[in-house]
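Colleague: Data file query-v8.txt (compact mmCIF, C-alpha atoms) is appended below.
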# COMPACT_ATOMS: atom_id res chain seq x y z
CA MET A 10 -9.66 6.68 7.75
CA LYS A 11 -8.15 5.67 4.41
CA LYS A 12 -9.71 2.57 2.85
CA VAL A 13 -7.58 0.32 0.66
CA ALA A 14 -8.62 -2.42 -1.76
CA ILE A 15 -6.28 -5.43 -1.85
CA ILE A 16 -6.23 -7.90 -4.74
CA LEU A 17 -5.01 -11.38 -3.81
CA SER A 18 -4.13 -14.17 -6.25
CA GLY A 19 -4.61 -17.26 -4.10
CA CYS A 20 -2.61 -18.53 -1.12
CA GLY A 21 1.02 -19.60 -1.36
CA VAL A 22 4.19 -18.27 -2.99
CA ASN A 23 4.25 -20.84 -5.81
CA ASP A 24 0.63 -20.68 -6.99
CA GLY A 25 -1.02 -17.71 -5.27
CA SER A 26 -0.27 -14.67 -3.14
CA GLU A 27 3.03 -14.68 -1.27
CA ILE A 28 1.78 -15.10 2.29
CA HIS A 29 4.49 -13.09 4.05
CA GLU A 30 4.00 -10.17 1.66
CA ALA A 31 0.22 -10.26 1.94
CA VAL A 32 0.31 -10.34 5.75
CA LEU A 33 2.88 -7.54 5.90
CA CYS A 34 0.64 -5.42 3.67
CA LEU A 35 -2.33 -6.01 5.96
CA LEU A 36 -0.24 -5.39 9.08
CA HIS A 37 1.23 -2.09 7.92
CA LEU A 38 -2.10 -0.78 6.66
CA THR A 39 -3.64 -1.51 10.06
CA LYS A 40 -0.71 -0.08 12.06
CA GLN A 41 -0.91 3.13 10.04
CA GLY A 42 -4.61 3.56 10.71
CA ALA A 43 -6.09 2.44 7.40
CA SER A 44 -8.82 -0.10 6.78
CA TYR A 45 -8.83 -2.63 3.95
CA GLN A 46 -10.99 -5.06 2.02
CA CYS A 47 -9.53 -8.08 0.24
CA PHE A 48 -10.71 -9.23 -3.18
CA ALA A 49 -9.75 -12.06 -5.54
CA PRO A 50 -10.95 -13.43 -8.88
CA ASP A 51 -13.55 -16.15 -8.48
CA LYS A 52 -12.08 -18.70 -10.88
CA PRO A 53 -10.22 -22.02 -10.92
CA GLN A 54 -6.45 -22.35 -10.54
CA GLN A 55 -3.84 -25.06 -10.78
CA VAL A 56 -2.19 -26.01 -7.47
CA THR A 57 1.48 -26.46 -6.55
CA ASN A 58 2.62 -28.75 -3.76
CA HIS A 59 4.66 -26.33 -1.64
CA LEU A 60 6.63 -29.15 -0.04
CA SER A 61 7.85 -30.76 -3.25
CA GLY A 62 7.53 -27.78 -5.57
CA GLU A 63 5.72 -29.95 -8.12
CA ALA A 64 2.25 -29.66 -9.56
CA ASP A 65 -0.36 -31.09 -7.20
CA ALA A 66 -2.02 -34.15 -8.67
CA GLY A 67 -5.14 -33.24 -6.70
CA GLY A 68 -6.18 -30.90 -9.52
CA GLU A 69 -7.78 -27.48 -9.42
CA ARG A 70 -8.80 -25.19 -6.58
CA ASN A 71 -10.45 -21.76 -6.64
CA VAL A 72 -8.47 -18.51 -6.42
CA LEU A 73 -11.07 -16.76 -4.26
CA VAL A 74 -11.46 -19.72 -1.91
CA GLU A 75 -7.69 -20.07 -1.51
CA ALA A 76 -7.19 -16.32 -0.96
CA ALA A 77 -9.83 -16.46 1.79
CA ARG A 78 -7.25 -18.35 3.88
CA ILE A 79 -5.10 -15.20 4.07
CA ALA A 80 -8.06 -12.88 4.56
CA ARG A 81 -9.50 -15.03 7.36
CA GLY A 82 -12.64 -15.39 5.27
CA GLU A 83 -13.18 -11.63 4.97
CA ILE A 84 -12.91 -11.44 1.20
CA LYS A 85 -15.13 -10.64 -1.77
CA PRO A 86 -15.13 -11.62 -5.46
CA LEU A 87 -13.11 -9.16 -7.51
CA SER A 88 -16.22 -8.48 -9.61
CA GLU A 89 -17.66 -6.62 -6.58
CA LEU A 90 -14.78 -4.13 -6.26
CA ALA A 91 -16.09 -0.57 -6.76
CA VAL A 92 -13.31 1.99 -7.11
CA ALA A 93 -15.51 4.72 -5.62
CA ASP A 94 -15.47 2.90 -2.27
CA PHE A 95 -11.68 3.05 -1.86
CA ASP A 96 -8.85 5.54 -1.61
CA ALA A 97 -6.06 3.27 -2.90
CA LEU A 98 -5.20 -0.15 -4.33
CA LEU A 99 -2.55 -2.64 -3.18
CA LEU A 100 -1.34 -5.91 -4.73
CA PRO A 101 1.04 -8.29 -2.92
CA GLY A 102 3.21 -10.55 -5.06
CA GLY A 103 3.52 -14.30 -5.37
CA PHE A 104 3.58 -16.48 -8.48
CA GLY A 105 -0.22 -16.44 -8.55
CA VAL A 106 0.07 -12.93 -9.98
CA ALA A 107 1.80 -14.42 -13.03
CA THR A 108 -0.64 -17.34 -13.39
CA ASN A 109 -3.98 -16.27 -11.90
CA LEU A 110 -4.09 -12.49 -12.39
CA CYS A 111 -2.42 -12.66 -15.80
CA ASP A 112 -0.61 -15.22 -17.97
CA PHE A 113 2.90 -13.75 -17.74
CA ALA A 114 4.29 -17.12 -16.58
CA GLU A 115 3.40 -18.62 -19.98
CA GLN A 116 3.34 -15.67 -22.36
CA GLY A 117 5.99 -13.29 -21.04
CA ALA A 118 5.77 -9.86 -22.67
CA ASN A 119 2.84 -11.10 -24.78
CA MET A 120 0.77 -11.59 -21.65
CA THR A 121 -2.83 -10.59 -21.13
CA LEU A 122 -4.51 -9.72 -17.82
CA ASP A 123 -7.56 -11.41 -16.38
CA PRO A 124 -10.41 -9.12 -17.54
CA GLU A 125 -11.62 -8.41 -13.99
CA VAL A 126 -8.08 -7.61 -12.83
CA LEU A 127 -7.53 -5.28 -15.78
CA ALA A 128 -10.83 -3.49 -15.21
CA ALA A 129 -10.21 -3.01 -11.48
CA CYS A 130 -6.64 -1.77 -11.83
CA LYS A 131 -7.48 0.53 -14.73
CA ALA A 132 -10.36 2.00 -12.74
CA PHE A 133 -7.94 3.15 -10.02
CA ALA A 134 -5.54 4.47 -12.64
CA SER A 135 -8.31 6.37 -14.44
CA GLU A 136 -9.44 7.97 -11.17
CA ARG A 137 -5.81 8.86 -10.37
CA LYS A 138 -6.05 6.98 -7.10
CA PRO A 139 -2.72 5.68 -5.77
CA ALA A 140 -1.77 2.05 -6.29
CA GLY A 141 1.02 -0.12 -4.90
CA TYR A 142 2.46 -3.27 -6.47
CA CYS A 143 4.85 -5.65 -4.66
CA CYS A 144 7.32 -8.30 -5.87
CA ILE A 145 6.22 -9.70 -9.29
CA ALA A 146 2.93 -7.74 -9.24
CA PRO A 147 4.56 -4.69 -10.91
CA ILE A 148 4.72 -6.73 -14.13
CA LEU A 149 1.05 -5.72 -14.49
CA ILE A 150 1.86 -2.00 -14.46
CA PRO A 151 2.75 -1.52 -18.17
CA LYS A 152 -0.59 -3.05 -19.16
CA ILE A 153 -2.51 -0.63 -16.92
CA TYR A 154 -0.77 2.74 -17.31
CA PRO A 155 0.41 4.74 -20.36
CA ALA A 156 3.67 3.96 -22.14
CA GLY A 157 6.74 5.03 -20.20
CA VAL A 158 5.29 4.31 -16.78
CA LYS A 159 8.03 3.59 -14.25
CA GLY A 160 8.14 0.55 -12.00
CA THR A 161 10.45 -2.07 -10.53
CA ILE A 162 10.70 -5.78 -9.92
CA GLY A 163 14.19 -5.37 -8.47
CA THR A 164 17.15 -6.45 -10.59
CA ASP A 165 15.98 -9.52 -12.55
CA ALA A 166 17.16 -8.81 -16.11
CA GLY A 167 14.65 -11.06 -17.86
CA VAL A 168 11.60 -9.65 -16.10
CA ALA A 169 12.94 -6.09 -16.48
CA GLU A 170 13.30 -6.69 -20.22
CA ALA A 171 9.68 -7.88 -20.41
CA PHE A 172 8.55 -4.84 -18.40
CA ASN A 173 10.24 -2.55 -20.93
CA ALA A 174 9.01 -4.55 -23.93
CA MET A 175 5.43 -3.98 -22.78
CA GLY A 176 5.97 -0.22 -22.78
CA GLY A 177 7.11 0.43 -19.23
CA GLU A 178 10.37 1.92 -18.00
CA HIS A 179 11.97 -0.45 -15.52
CA VAL A 180 13.98 1.09 -12.68
CA GLY A 181 16.46 -1.05 -10.77
CA CYS A 182 15.71 -0.95 -7.06
CA ALA A 183 17.08 -2.33 -3.80
CA VAL A 184 14.85 -4.59 -1.73
CA THR A 185 14.53 -1.90 0.92
CA ASP A 186 13.38 0.83 -1.47
CA VAL A 187 10.34 1.90 -3.47
CA VAL A 188 9.98 3.26 -6.99
CA GLU A 189 7.32 5.93 -7.47
CA ASP A 190 5.95 7.28 -10.73
CA SER A 191 4.40 10.50 -9.49
CA ARG A 192 2.69 11.14 -12.83
CA TYR A 193 0.36 8.21 -12.23
CA GLN A 194 0.68 7.78 -8.44
CA VAL A 195 1.85 4.19 -8.83
CA LEU A 196 4.38 2.60 -6.46
CA SER A 197 6.37 -0.63 -6.62
CA THR A 198 8.88 -2.48 -4.44
CA PRO A 199 10.87 -5.70 -5.08
CA ALA A 200 9.94 -7.57 -1.87
CA TYR A 201 10.70 -11.29 -2.38
CA MET A 202 12.01 -10.73 -5.88
CA LEU A 203 15.15 -9.79 -3.92
CA ALA A 204 14.46 -10.32 -0.22
CA LYS A 205 16.55 -12.93 1.55
CA ASP A 206 14.23 -13.01 4.55
CA ILE A 207 10.98 -11.57 5.86
CA ALA A 208 12.74 -8.62 7.53
CA GLN A 209 14.11 -7.41 4.21
CA ALA A 210 10.71 -7.75 2.57
CA ASP A 211 9.18 -5.88 5.49
CA THR A 212 11.35 -2.80 5.03
CA GLY A 213 10.31 -2.14 1.43
CA ILE A 214 6.65 -3.01 2.00
CA ALA A 215 6.48 -0.72 5.05
CA LYS A 216 7.84 2.17 2.97
CA LEU A 217 5.42 1.45 0.14
CA VAL A 218 2.37 1.31 2.40
CA LYS A 219 3.38 4.53 4.20
CA ARG A 220 3.80 6.36 0.90
CA LEU A 221 0.61 4.85 -0.55
CA LEU A 222 -1.44 6.25 2.34
CA ALA A 223 0.33 9.61 2.12
CA LEU A 224 -0.69 9.95 -1.53
Let me see whether you can do it: turn the structure in this file into structure tokens.
Modeller:
Amino acid sequence: MKKVAIILSGCGVNDGSEIHEAVLCLLHLTKQGASYQCFAPDKPQQVTNHLSGEADAGGERNVLVEAARIARGEIKPLSELAVADFDALLLPGGFGVATNLCDFAEQGANMTLDPEVLAACKAFASERKPAGYCCIAPILIPKIYPAGVKGTIGTDAGVAEAFNAMGGEHVGCAVTDVVEDSRYQVLSTPAYMLAKDIAQADTGIAKLVKRLLAL
């Protein structure tokens, strides 16, 4: 049985992991006979009111505690992720990737990754273990793999420009498709960067998970 590590960035499209994407990742891994373990950074985060779209005046929450909502409590601090225990890595999207896993939301192409996120993702890359990135999560790829690595966030020109500026090679991609860089065994799919509904997101994520496990 293949074992996959999943890195979550909280809970909720506007300040954490995109819930539909995260659940679809878990569902397809399970349906295809793989097991998984969820991880998240144990650190504070700012919160967005998902009804109003505005910053929540209630203040900070914790990324790990919020991500535990998606994982039904079965989650570990990212500091405990050991690459030797897993066959592959998978990151759902959501704006938390751009705020909690890195600072792309503020710094754009000058972004830096959370040190634990960088260490975990680079460990899988160094071991040549396959990794899949969904939605906005592929923006991390150029900071993890060598210059020229291929990936996609769909068709957003601004994000594609930032991807290229950081040393990657952005490939335009339909919501239902996956971009693979076979040199580094890294996969990406646009998901809700383009998806109009959960069914569209499902198609690309299903393909990515199937290919991830095949690698």
Colleague: Counting all atoms listed in the file, select every polymer residue within 10 Å of (-14.4, -18.2, -9.5) as defined in the file's coordinates, and provide the selection as a PyMOL selection string.
Modeller: chain A and resi 49-54+70-74+86-88
Colleague: What does the distance between CA of Val218 in chain A and CA of Thr57 in chain A come to in Å, to one decimal place?
Modeller: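 Result for CA of Val218 in chain A versus CA of Thr57 in chain A: 29.2 Å, one decimal.
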Colleague: I need the residue nearest Ala210 in chain A from this list: A:Cys20, A:Ala183, A:Val188, A:Ala146. Use only C-alpha atoms for the distance.
Modeller: A:Ala183
Colleague: Just the residues within 9 Å of Val168 in chain A, please, counting all atoms listed in the file, with nothing from its chain fewer than 2 positions along; format it as a short mmCIF file (atom, residue, chain, number, x, y, z; two decimals) with C-alpha atoms, in the frame of the given file.
Modeller:
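result.cif, written as the output of this step:
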data_model
loop_
_atom_site.label_atom_id
_atom_site.label_comp_id
_atom_site.auth_asym_id
_atom_site.auth_seq_id
_atom_site.Cartn_x
_atom_site.Cartn_y
_atom_site.Cartn_z
CA GLY A 117 5.99 -13.29 -21.04
CA ALA A 118 5.77 -9.86 -22.67
CA ILE A 145 6.22 -9.70 -9.29
CA ILE A 148 4.72 -6.73 -14.13
CA ILE A 162 10.70 -5.78 -9.92
CA THR A 164 17.15 -6.45 -10.59
CA ASP A 165 15.98 -9.52 -12.55
CA ALA A 166 17.16 -8.81 -16.11
CA GLU A 170 13.30 -6.69 -20.22
CA ALA A 171 9.68 -7.88 -20.41
CA PHE A 172 8.55 -4.84 -18.40
CA ASN A 173 10.24 -2.55 -20.93
#
Colleague: Smallest atom-to-atom distance to Gly163 in chain A: which of A:Ala91, A:Leu38, A:Val126, A:Cys182, using only C-alpha atoms?
Modeller: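 Answer, going by the shortest atom-to-atom distance: A:Cys182.
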Colleague: Taking (-4.4, 5.2, -2.6) in the coordinates of the supplied file, I want to know which residues reach to within 7 Å of it, counting all atoms listed in the file; could you give the answer as an mmCIF file with C-alpha atoms, in the coordinates of the input?
Modeller:
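Saved file out-v7.cif follows:
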data_model
loop_
_atom_site.group_PDB
_atom_site.id
_atom_site.type_symbol
_atom_site.label_atom_id
_atom_site.label_comp_id
_atom_site.auth_asym_id
_atom_site.auth_seq_id
_atom_site.Cartn_x
_atom_site.Cartn_y
_atom_site.Cartn_z
ATOM 1 C CA VAL A 13 -7.580 0.320 0.660
ATOM 2 C CA ASP A 96 -8.850 5.540 -1.610
ATOM 3 C CA ALA A 97 -6.060 3.270 -2.900
ATOM 4 C CA LEU A 98 -5.200 -0.150 -4.330
ATOM 5 C CA LYS A 138 -6.050 6.980 -7.100
ATOM 6 C CA PRO A 139 -2.720 5.680 -5.770
ATOM 7 C CA ALA A 140 -1.770 2.050 -6.290
ATOM 8 C CA LEU A 221 0.610 4.850 -0.550
ATOM 9 C CA LEU A 222 -1.440 6.250 2.340
ATOM 10 C CA LEU A 224 -0.690 9.950 -1.530
#
Colleague: With distances taken over all atoms listed in the file, which of A:Gly25, A:Gly42, A:Pro151, A:Gly82 is nearest to Gly177 in chain A?
Modeller: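 Of all the options, A:Pro151 lies closest to Gly177 in chain A.
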Colleague: For a test of reading the model, state the distance in Å between CA of Gln194 in chain A and CA of Ala134 in chain A, rounded to one decimal.
Modeller: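 Straight-line distance from CA of Gln194 in chain A to CA of Ala134 in chain A works out to 8.2 Å.
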Colleague: N, CA and C atoms for range 171-189 of chain A, written as a tab-separated table (two decimals), in the coordinates of the input, could you do that?
Modeller:
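Wrote result25.tsv, looks like this:
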chain	number	residue	atom	x	y	z
A	171	ALA	N	11.11	-7.73	-20.07
A	171	ALA	CA	9.68	-7.88	-20.41
A	171	ALA	C	8.90	-6.63	-20.02
A	172	PHE	N	9.20	-6.06	-18.86
A	172	PHE	CA	8.55	-4.84	-18.40
A	172	PHE	C	8.72	-3.73	-19.44
A	173	ASN	N	9.95	-3.59	-19.93
A	173	ASN	CA	10.24	-2.55	-20.93
A	173	ASN	C	9.59	-2.88	-22.27
A	174	ALA	N	9.59	-4.15	-22.65
A	174	ALA	CA	9.01	-4.55	-23.93
A	174	ALA	C	7.51	-4.26	-23.98
A	175	MET	N	6.86	-4.27	-22.82
A	175	MET	CA	5.43	-3.98	-22.78
A	175	MET	C	5.13	-2.49	-22.71
A	176	GLY	N	6.18	-1.66	-22.74
A	176	GLY	CA	5.97	-0.22	-22.78
A	176	GLY	C	6.33	0.52	-21.52
A	177	GLY	N	6.73	-0.21	-20.48
A	177	GLY	CA	7.11	0.43	-19.23
A	177	GLY	C	8.57	0.85	-19.24
A	178	GLU	N	8.97	1.56	-18.20
A	178	GLU	CA	10.37	1.92	-18.00
A	178	GLU	C	10.80	1.33	-16.67
A	179	HIS	N	11.56	0.23	-16.75
A	179	HIS	CA	11.97	-0.45	-15.52
A	179	HIS	C	13.08	0.31	-14.84
A	180	VAL	N	12.97	0.41	-13.50
A	180	VAL	CA	13.98	1.09	-12.68
A	180	VAL	C	14.54	0.08	-11.69
A	181	GLY	N	15.84	-0.15	-11.73
A	181	GLY	CA	16.46	-1.05	-10.77
A	181	GLY	C	16.29	-0.50	-9.36
A	182	CYS	N	16.06	-1.41	-8.40
A	182	CYS	CA	15.71	-0.95	-7.06
A	182	CYS	C	16.18	-1.96	-6.02
A	183	ALA	N	16.70	-1.46	-4.92
A	183	ALA	CA	17.08	-2.33	-3.80
A	183	ALA	C	15.84	-2.85	-3.10
A	184	VAL	N	15.98	-3.96	-2.41
A	184	VAL	CA	14.85	-4.59	-1.73
A	184	VAL	C	14.23	-3.68	-0.68
A	185	THR	N	15.01	-2.77	-0.15
A	185	THR	CA	14.53	-1.90	0.92
A	185	THR	C	13.91	-0.60	0.41
A	186	ASP	N	13.83	-0.44	-0.91
A	186	ASP	CA	13.38	0.83	-1.47
A	186	ASP	C	12.09	0.68	-2.27
A	187	VAL	N	11.59	1.83	-2.72
A	187	VAL	CA	10.34	1.90	-3.47
A	187	VAL	C	10.55	2.79	-4.68
A	188	VAL	N	9.97	2.40	-5.80
A	188	VAL	CA	9.98	3.26	-6.99
A	188	VAL	C	8.60	3.89	-7.13
A	189	GLU	N	8.58	5.20	-7.31
A	189	GLU	CA	7.32	5.93	-7.47
A	189	GLU	C	7.28	6.64	-8.81
